[in-house]
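Colleague: Submitted below is the structure of interest, expressed as structure tokens.
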Amino acid sequence: KQEVTQIPAALSVPEGENLVLNCSFTDSAIYNLQWFRQDPGKGLTSLLLIQSSQREQTSGRLNASLDKSSGRSTLYIAASQPGDSATYLCAVRRLDSSYKLIFGSGTRLLVRP
Amino acid sequence: GAGVSQSPSNKVTEKGKDVELRCDPISGHTALYWYRQSLGQGLEFLIYFQGNSAPDKSGLPSDRFSAERTGGSVSTLTIQRTQQEDSAVYLCASSLGTGGVSLSQPQHFGDGTRLSIL
């Protein structure tokens with residue numbers, strides 16, 4: 001059974017700091033991995049999607065890496081801003097044609113001005 | 001529309017009543033998903049549609065839950081005889097592609113319906 005874990009559960013940093021969020025999964029047979037952000041009372045905003053054949057994806061100040069063999073992904077946020085404060089979720093899609101995403105429990109990020 | 005639209009945004013109802021939740025996916029997206037987000041359970045998959053067919057219903061928690069999709073567009077999730085444990089945020093997502101192609105596409109989510117059962 002695929003399990004997805006995110007560490008830390010919560011993180012508070014001063015503005016301007018670079019930070020790394022971690023995601024680990026137990027079954028390396030994944031099709032892809034997607035990072036989302038969720039603001040309070042809102043839905044999920046897709047940030048980055050990494051296919052299993054890729055090592056990393058970049059969008060602006062965000063960089064996501066994937067090491068499928070070790071079951072790990074990281075989301076790197078450069079020069080953090082208060083507007084980055086949100087919950088960040090990672091989700092994997094299994095390789096066995098199951099179409100659902102399996103989510104971690106998220107990391108709640110607070111960037112202090 | 002520009003994004004996935006869900007209605008109502010909030011729903012409060014009494015235990016035992018039936019509720020219908022609506023999802024309008026991004027135009028042209030053939031794949032549609034329902035998820036549920038509750039305290040202590042995280043985000044859980046409910047059902048997947050490709051066009052009007054539902055090849056994966058494995059996440060529906062009981063036979064009180066059903067969903068349909070018409071015209072390859074709007075979907076309705078129905079919960080009959082609601083229970084307090086049904087209280088959660090119900091999220092809808094859509095993506096491009098048909099069949100296996102949809103696997104490689106990102107899922108785009110709506111803002112959800114917050115359901116509260118009194």
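Letters A, B, ... go to the chains of the structure tokens in the order shown; residues in each chain start at 1; ligands are counted from 1 in the same order.
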Near A:Ser46, within 12 Å and counting only C-alpha atoms, which residues show up once chain neighbours fewer than 5 positions away are dropped, as a list in words?

Modeller: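 Those residues are Leu33, Gln34, Trp35, Phe36, Arg37, Gln38, Asp39, Ser59, Tyr88, Leu89, Cys90 and Ala91 of chain A; Gly3, Ala93, Ser94, Ser95, Gln105, Pro106, Gln107, His108, Phe109 and Gly110 of chain B.
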
Colleague: Report as a PDB file with N, CA and C atoms, in the first residue's frame all protein, DNA and RNA residues lying within 9 Å of stretch 43-60 of chain B, evaluated on only C-alpha atoms, omitting residues in the same chain fewer than 2 positions from it.

Modeller:
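Here's the written file around15.pdb:
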```pdb
ATOM      1  N   SER A  98      -4.057   3.015 -11.722  1.00  0.00           N
ATOM      2  CA  SER A  98      -5.001   3.664 -10.829  1.00  0.00           C
ATOM      3  C   SER A  98      -4.889   5.165 -11.048  1.00  0.00           C
ATOM      4  N   TYR A  99      -5.988   5.847 -11.204  1.00  0.00           N
ATOM      5  CA  TYR A  99      -5.944   7.242 -11.599  1.00  0.00           C
ATOM      6  C   TYR A  99      -5.930   8.211 -10.429  1.00  0.00           C
ATOM      7  N   LYS A 100      -6.011   7.660  -9.237  1.00  0.00           N
ATOM      8  CA  LYS A 100      -6.131   8.570  -8.112  1.00  0.00           C
ATOM      9  C   LYS A 100      -4.761   9.064  -7.644  1.00  0.00           C
ATOM     10  N   LEU A 101      -4.793  10.235  -7.027  1.00  0.00           N
ATOM     11  CA  LEU A 101      -3.620  10.769  -6.349  1.00  0.00           C
ATOM     12  C   LEU A 101      -3.663  10.323  -4.891  1.00  0.00           C
ATOM     13  N   ILE A 102      -2.495   9.974  -4.365  1.00  0.00           N
ATOM     14  CA  ILE A 102      -2.370   9.636  -2.946  1.00  0.00           C
ATOM     15  C   ILE A 102      -1.574  10.750  -2.296  1.00  0.00           C
ATOM     16  N   PHE A 103      -2.200  11.406  -1.326  1.00  0.00           N
ATOM     17  CA  PHE A 103      -1.657  12.631  -0.753  1.00  0.00           C
ATOM     18  C   PHE A 103      -0.920  12.390   0.561  1.00  0.00           C
ATOM     19  N   GLY A 104       0.097  13.238   0.798  1.00  0.00           N
ATOM     20  CA  GLY A 104       0.665  13.366   2.129  1.00  0.00           C
ATOM     21  C   GLY A 104      -0.224  14.278   2.957  1.00  0.00           C
ATOM     22  N   SER A 105       0.131  14.395   4.237  1.00  0.00           N
ATOM     23  CA  SER A 105      -0.696  15.208   5.136  1.00  0.00           C
ATOM     24  C   SER A 105      -0.326  16.685   5.119  1.00  0.00           C
TER      25      SER A 105
ATOM     26  N   HIS B  29     -11.637  19.460 -20.395  1.00  0.00           N
ATOM     27  CA  HIS B  29     -11.045  18.411 -19.549  1.00  0.00           C
ATOM     28  C   HIS B  29     -11.979  17.208 -19.505  1.00  0.00           C
ATOM     29  N   THR B  30     -11.473  16.070 -19.974  1.00  0.00           N
ATOM     30  CA  THR B  30     -12.314  14.879 -20.033  1.00  0.00           C
ATOM     31  C   THR B  30     -12.277  14.064 -18.748  1.00  0.00           C
ATOM     32  N   ALA B  31     -11.206  14.220 -17.968  1.00  0.00           N
ATOM     33  CA  ALA B  31     -11.072  13.476 -16.716  1.00  0.00           C
ATOM     34  C   ALA B  31     -11.541  14.335 -15.552  1.00  0.00           C
ATOM     35  N   LEU B  32     -12.308  13.725 -14.645  1.00  0.00           N
ATOM     36  CA  LEU B  32     -12.846  14.441 -13.490  1.00  0.00           C
ATOM     37  C   LEU B  32     -12.732  13.550 -12.257  1.00  0.00           C
ATOM     38  N   TYR B  33     -12.350  14.151 -11.129  1.00  0.00           N
ATOM     39  CA  TYR B  33     -12.115  13.403  -9.890  1.00  0.00           C
ATOM     40  C   TYR B  33     -12.842  14.086  -8.727  1.00  0.00           C
ATOM     41  N   TRP B  34     -13.310  13.282  -7.801  1.00  0.00           N
ATOM     42  CA  TRP B  34     -13.814  13.781  -6.527  1.00  0.00           C
ATOM     43  C   TRP B  34     -12.910  13.273  -5.409  1.00  0.00           C
ATOM     44  N   TYR B  35     -12.573  14.182  -4.481  1.00  0.00           N
ATOM     45  CA  TYR B  35     -11.800  13.861  -3.291  1.00  0.00           C
ATOM     46  C   TYR B  35     -12.527  14.437  -2.076  1.00  0.00           C
ATOM     47  N   ARG B  36     -12.169  13.919  -0.913  1.00  0.00           N
ATOM     48  CA  ARG B  36     -12.729  14.429   0.331  1.00  0.00           C
ATOM     49  C   ARG B  36     -11.567  14.758   1.267  1.00  0.00           C
ATOM     50  N   GLN B  37     -11.679  15.916   1.928  1.00  0.00           N
ATOM     51  CA  GLN B  37     -10.644  16.345   2.867  1.00  0.00           C
ATOM     52  C   GLN B  37     -11.284  16.549   4.230  1.00  0.00           C
ATOM     53  N   SER B  38     -10.888  15.734   5.198  1.00  0.00           N
ATOM     54  CA  SER B  38     -11.452  15.851   6.537  1.00  0.00           C
ATOM     55  C   SER B  38     -10.337  15.859   7.566  1.00  0.00           C
ATOM     56  N   GLN B  41      -8.041  12.767   8.521  1.00  0.00           N
ATOM     57  CA  GLN B  41      -8.005  11.797   7.422  1.00  0.00           C
ATOM     58  C   GLN B  41      -7.233  12.308   6.223  1.00  0.00           C
ATOM     59  N   SER B  62     -19.388   4.427   1.139  1.00  0.00           N
ATOM     60  CA  SER B  62     -20.538   3.565   1.385  1.00  0.00           C
ATOM     61  C   SER B  62     -21.524   3.717   0.232  1.00  0.00           C
ATOM     62  N   ASP B  63     -22.576   2.884   0.239  1.00  0.00           N
ATOM     63  CA  ASP B  63     -23.567   2.974  -0.842  1.00  0.00           C
ATOM     64  C   ASP B  63     -24.465   4.200  -0.697  1.00  0.00           C
ATOM     65  N   ARG B  64     -24.253   4.986   0.343  1.00  0.00           N
ATOM     66  CA  ARG B  64     -24.997   6.254   0.448  1.00  0.00           C
ATOM     67  C   ARG B  64     -24.419   7.311  -0.499  1.00  0.00           C
ATOM     68  N   PHE B  65     -23.215   7.040  -0.979  1.00  0.00           N
ATOM     69  CA  PHE B  65     -22.529   7.981  -1.868  1.00  0.00           C
ATOM     70  C   PHE B  65     -22.684   7.521  -3.316  1.00  0.00           C
ATOM     71  N   SER B  66     -23.019   8.463  -4.202  1.00  0.00           N
ATOM     72  CA  SER B  66     -23.078   8.162  -5.619  1.00  0.00           C
ATOM     73  C   SER B  66     -22.693   9.423  -6.386  1.00  0.00           C
ATOM     74  N   ALA B  67     -22.303   9.229  -7.638  1.00  0.00           N
ATOM     75  CA  ALA B  67     -21.930  10.372  -8.467  1.00  0.00           C
ATOM     76  C   ALA B  67     -22.277  10.062  -9.900  1.00  0.00           C
ATOM     77  N   GLU B  68     -22.567  11.124 -10.628  1.00  0.00           N
ATOM     78  CA  GLU B  68     -22.807  10.968 -12.049  1.00  0.00           C
ATOM     79  C   GLU B  68     -22.209  12.158 -12.789  1.00  0.00           C
ATOM     80  N   ARG B  69     -22.009  11.929 -14.070  1.00  0.00           N
ATOM     81  CA  ARG B  69     -21.499  12.993 -14.921  1.00  0.00           C
ATOM     82  C   ARG B  69     -22.250  12.923 -16.240  1.00  0.00           C
ATOM     83  N   THR B  70     -22.727  14.050 -16.698  1.00  0.00           N
ATOM     84  CA  THR B  70     -23.523  14.102 -17.920  1.00  0.00           C
ATOM     85  C   THR B  70     -22.871  15.016 -18.947  1.00  0.00           C
ATOM     86  N   GLY B  71     -23.002  14.627 -20.212  1.00  0.00           N
ATOM     87  CA  GLY B  71     -22.458  15.438 -21.296  1.00  0.00           C
ATOM     88  C   GLY B  71     -20.961  15.606 -21.246  1.00  0.00           C
ATOM     89  N   GLY B  72     -20.286  14.721 -20.509  1.00  0.00           N
ATOM     90  CA  GLY B  72     -18.843  14.815 -20.390  1.00  0.00           C
ATOM     91  C   GLY B  72     -18.376  16.075 -19.710  1.00  0.00           C
ATOM     92  N   SER B  73     -19.290  16.717 -18.946  1.00  0.00           N
ATOM     93  CA  SER B  73     -18.927  17.987 -18.323  1.00  0.00           C
ATOM     94  C   SER B  73     -19.273  17.970 -16.833  1.00  0.00           C
ATOM     95  N   SER B  75     -20.501  17.339 -13.128  1.00  0.00           N
ATOM     96  CA  SER B  75     -20.674  16.150 -12.299  1.00  0.00           C
ATOM     97  C   SER B  75     -21.399  16.525 -11.016  1.00  0.00           C
ATOM     98  N   LEU B  91     -13.752  18.081  -2.624  1.00  0.00           N
ATOM     99  CA  LEU B  91     -12.992  18.762  -3.676  1.00  0.00           C
ATOM    100  C   LEU B  91     -13.141  18.030  -4.999  1.00  0.00           C
ATOM    101  N   GLY B  97      -6.840  14.929 -21.252  1.00  0.00           N
ATOM    102  CA  GLY B  97      -6.414  13.617 -21.701  1.00  0.00           C
ATOM    103  C   GLY B  97      -7.483  12.562 -21.561  1.00  0.00           C
ATOM    104  N   THR B  98      -7.348  11.535 -22.324  1.00  0.00           N
ATOM    105  CA  THR B  98      -8.255  10.402 -22.251  1.00  0.00           C
ATOM    106  C   THR B  98      -7.434   9.154 -21.941  1.00  0.00           C
ATOM    107  N   GLY B  99      -8.039   8.253 -21.209  1.00  0.00           N
ATOM    108  CA  GLY B  99      -7.386   7.000 -20.877  1.00  0.00           C
ATOM    109  C   GLY B  99      -6.050   7.226 -20.216  1.00  0.00           C
ATOM    110  N   SER B 102      -4.328  10.749 -19.522  1.00  0.00           N
ATOM    111  CA  SER B 102      -4.693  11.593 -18.384  1.00  0.00           C
ATOM    112  C   SER B 102      -3.753  11.363 -17.209  1.00  0.00           C
TER     113      SER B 102
END
```

Colleague: Using DSSP secondary structure from the backbone, list all helix (DSSP H, G or I) positions within stretch 13-104 of chain B, as a list of chain:residue names.

Modeller: B:Gln84, B:Glu85, B:Asp86, B:Gly99, B:Gly100, B:Val101, B:Ser102, B:Leu103, B:Ser104

Colleague: Residues as selected, N, CA, C and O atoms, written as a PDB file, in the first residue's frame, can you do that?

Modeller:
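Contents of result31.pdb, as written:
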```pdb
ATOM      1  N   GLN B  84     -23.050  12.435  10.509  1.00  0.00           N
ATOM      2  CA  GLN B  84     -22.122  13.458  10.974  1.00  0.00           C
ATOM      3  C   GLN B  84     -20.702  13.216  10.470  1.00  0.00           C
ATOM      4  O   GLN B  84     -19.961  14.163  10.222  1.00  0.00           O
ATOM      5  N   GLU B  85     -20.343  11.948  10.278  1.00  0.00           N
ATOM      6  CA  GLU B  85     -18.988  11.656   9.789  1.00  0.00           C
ATOM      7  C   GLU B  85     -18.792  12.044   8.323  1.00  0.00           C
ATOM      8  O   GLU B  85     -17.671  11.979   7.808  1.00  0.00           O
ATOM      9  N   ASP B  86     -19.884  12.446   7.651  1.00  0.00           N
ATOM     10  CA  ASP B  86     -19.764  12.923   6.272  1.00  0.00           C
ATOM     11  C   ASP B  86     -19.277  14.371   6.213  1.00  0.00           C
ATOM     12  O   ASP B  86     -18.948  14.872   5.127  1.00  0.00           O
ATOM     13  N   GLY B  99      -8.039   8.253 -21.209  1.00  0.00           N
ATOM     14  CA  GLY B  99      -7.386   7.000 -20.877  1.00  0.00           C
ATOM     15  C   GLY B  99      -6.050   7.226 -20.216  1.00  0.00           C
ATOM     16  O   GLY B  99      -5.925   8.020 -19.295  1.00  0.00           O
ATOM     17  N   GLY B 100      -5.020   6.519 -20.716  1.00  0.00           N
ATOM     18  CA  GLY B 100      -3.711   6.596 -20.088  1.00  0.00           C
ATOM     19  C   GLY B 100      -3.062   7.956 -20.192  1.00  0.00           C
ATOM     20  O   GLY B 100      -2.212   8.298 -19.381  1.00  0.00           O
ATOM     21  N   VAL B 101      -3.455   8.758 -21.186  1.00  0.00           N
ATOM     22  CA  VAL B 101      -2.866  10.091 -21.346  1.00  0.00           C
ATOM     23  C   VAL B 101      -3.165  10.948 -20.134  1.00  0.00           C
ATOM     24  O   VAL B 101      -2.362  11.785 -19.724  1.00  0.00           O
ATOM     25  N   SER B 102      -4.328  10.749 -19.522  1.00  0.00           N
ATOM     26  CA  SER B 102      -4.693  11.593 -18.384  1.00  0.00           C
ATOM     27  C   SER B 102      -3.753  11.363 -17.209  1.00  0.00           C
ATOM     28  O   SER B 102      -3.627  12.210 -16.350  1.00  0.00           O
ATOM     29  N   LEU B 103      -3.069  10.220 -17.199  1.00  0.00           N
ATOM     30  CA  LEU B 103      -2.153   9.947 -16.096  1.00  0.00           C
ATOM     31  C   LEU B 103      -1.010  10.946 -16.048  1.00  0.00           C
ATOM     32  O   LEU B 103      -0.490  11.241 -14.986  1.00  0.00           O
ATOM     33  N   SER B 104      -0.582  11.444 -17.188  1.00  0.00           N
ATOM     34  CA  SER B 104       0.589  12.321 -17.225  1.00  0.00           C
ATOM     35  C   SER B 104       0.224  13.789 -17.056  1.00  0.00           C
ATOM     36  O   SER B 104       1.108  14.633 -17.005  1.00  0.00           O
TER      37      SER B 104
END
```

Colleague: Give me the residues near A:Thr107 as JSON, numbers by chain, where near means some atom within 9 Å (using only C-alpha atoms) and where sequence neighbours in that chain fewer than 3 positions away do not count.

Modeller: {"A": [6, 7, 8, 9, 10, 11, 21, 22, 86, 87, 88, 89, 104]}

Colleague: Using N, CA and C atoms, can you export the residues from the last selection as a PDB file, in the first residue's frame?

Modeller:
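So part17.pdb came out as:
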```
ATOM      1  N   GLN A   6       5.016  13.609   4.805  1.00  0.00           N
ATOM      2  CA  GLN A   6       5.648  14.913   4.631  1.00  0.00           C
ATOM      3  C   GLN A   6       6.225  15.386   5.962  1.00  0.00           C
ATOM      4  N   ILE A   7       7.466  15.821   5.892  1.00  0.00           N
ATOM      5  CA  ILE A   7       8.167  16.322   7.063  1.00  0.00           C
ATOM      6  C   ILE A   7       8.848  17.642   6.705  1.00  0.00           C
ATOM      7  N   PRO A   8       8.778  18.694   7.574  1.00  0.00           N
ATOM      8  CA  PRO A   8       8.063  18.694   8.841  1.00  0.00           C
ATOM      9  C   PRO A   8       6.566  18.940   8.654  1.00  0.00           C
ATOM     10  N   ALA A   9       5.793  18.765   9.692  1.00  0.00           N
ATOM     11  CA  ALA A   9       4.363  19.043   9.626  1.00  0.00           C
ATOM     12  C   ALA A   9       4.104  20.540   9.605  1.00  0.00           C
ATOM     13  N   ALA A  10       4.990  21.301  10.251  1.00  0.00           N
ATOM     14  CA  ALA A  10       4.862  22.754  10.275  1.00  0.00           C
ATOM     15  C   ALA A  10       6.253  23.371  10.292  1.00  0.00           C
ATOM     16  N   LEU A  11       6.338  24.573   9.704  1.00  0.00           N
ATOM     17  CA  LEU A  11       7.632  25.243   9.577  1.00  0.00           C
ATOM     18  C   LEU A  11       7.403  26.749   9.620  1.00  0.00           C
ATOM     19  N   LEU A  21      11.113  21.585   1.657  1.00  0.00           N
ATOM     20  CA  LEU A  21      10.045  20.741   2.188  1.00  0.00           C
ATOM     21  C   LEU A  21      10.264  19.327   1.661  1.00  0.00           C
ATOM     22  N   ASN A  22      10.004  18.342   2.519  1.00  0.00           N
ATOM     23  CA  ASN A  22      10.290  16.960   2.174  1.00  0.00           C
ATOM     24  C   ASN A  22       9.038  16.121   1.999  1.00  0.00           C
ATOM     25  N   ALA A  86       1.331  29.062   3.471  1.00  0.00           N
ATOM     26  CA  ALA A  86       0.251  28.180   3.021  1.00  0.00           C
ATOM     27  C   ALA A  86       0.598  26.769   3.471  1.00  0.00           C
ATOM     28  N   THR A  87      -0.299  25.820   3.173  1.00  0.00           N
ATOM     29  CA  THR A  87       0.016  24.399   3.375  1.00  0.00           C
ATOM     30  C   THR A  87       0.437  23.811   2.038  1.00  0.00           C
ATOM     31  N   TYR A  88       1.548  23.095   2.050  1.00  0.00           N
ATOM     32  CA  TYR A  88       2.087  22.483   0.836  1.00  0.00           C
ATOM     33  C   TYR A  88       1.881  20.973   0.903  1.00  0.00           C
ATOM     34  N   LEU A  89       1.280  20.437  -0.146  1.00  0.00           N
ATOM     35  CA  LEU A  89       0.942  19.021  -0.214  1.00  0.00           C
ATOM     36  C   LEU A  89       1.658  18.371  -1.390  1.00  0.00           C
ATOM     37  N   GLY A 104       0.097  13.238   0.798  1.00  0.00           N
ATOM     38  CA  GLY A 104       0.665  13.366   2.129  1.00  0.00           C
ATOM     39  C   GLY A 104      -0.224  14.278   2.957  1.00  0.00           C
TER      40      GLY A 104
END
```

Colleague: From the list B:Leu39, B:Val19, B:Leu77, B:Ile117, which residue is nearest chain A when using only C-alpha atoms?

Modeller: B:Leu39

Colleague: Starting from chain A, keep only residues with some atom at most 6 Å from an atom of chain B, counting only C-alpha atoms, and report them as a PyMOL selection string.

Modeller: chain A and resi 42-44+105

Colleague: Quick check for you: according to DSSP on this backbone, which residues of stretch 65-96 of chain B are classed as strand (DSSP E or B)? Reply as a list in words.

Modeller: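 Output for stretch 65-96 of chain B, strand (DSSP E or B) only: Phe65, Ser66, Ala67, Glu68, Arg69, Ser75, Thr76, Leu77, Thr78, Ile79, Ala88, Val89, Tyr90, Leu91, Cys92, Ala93, Ser94 and Ser95 of chain B.
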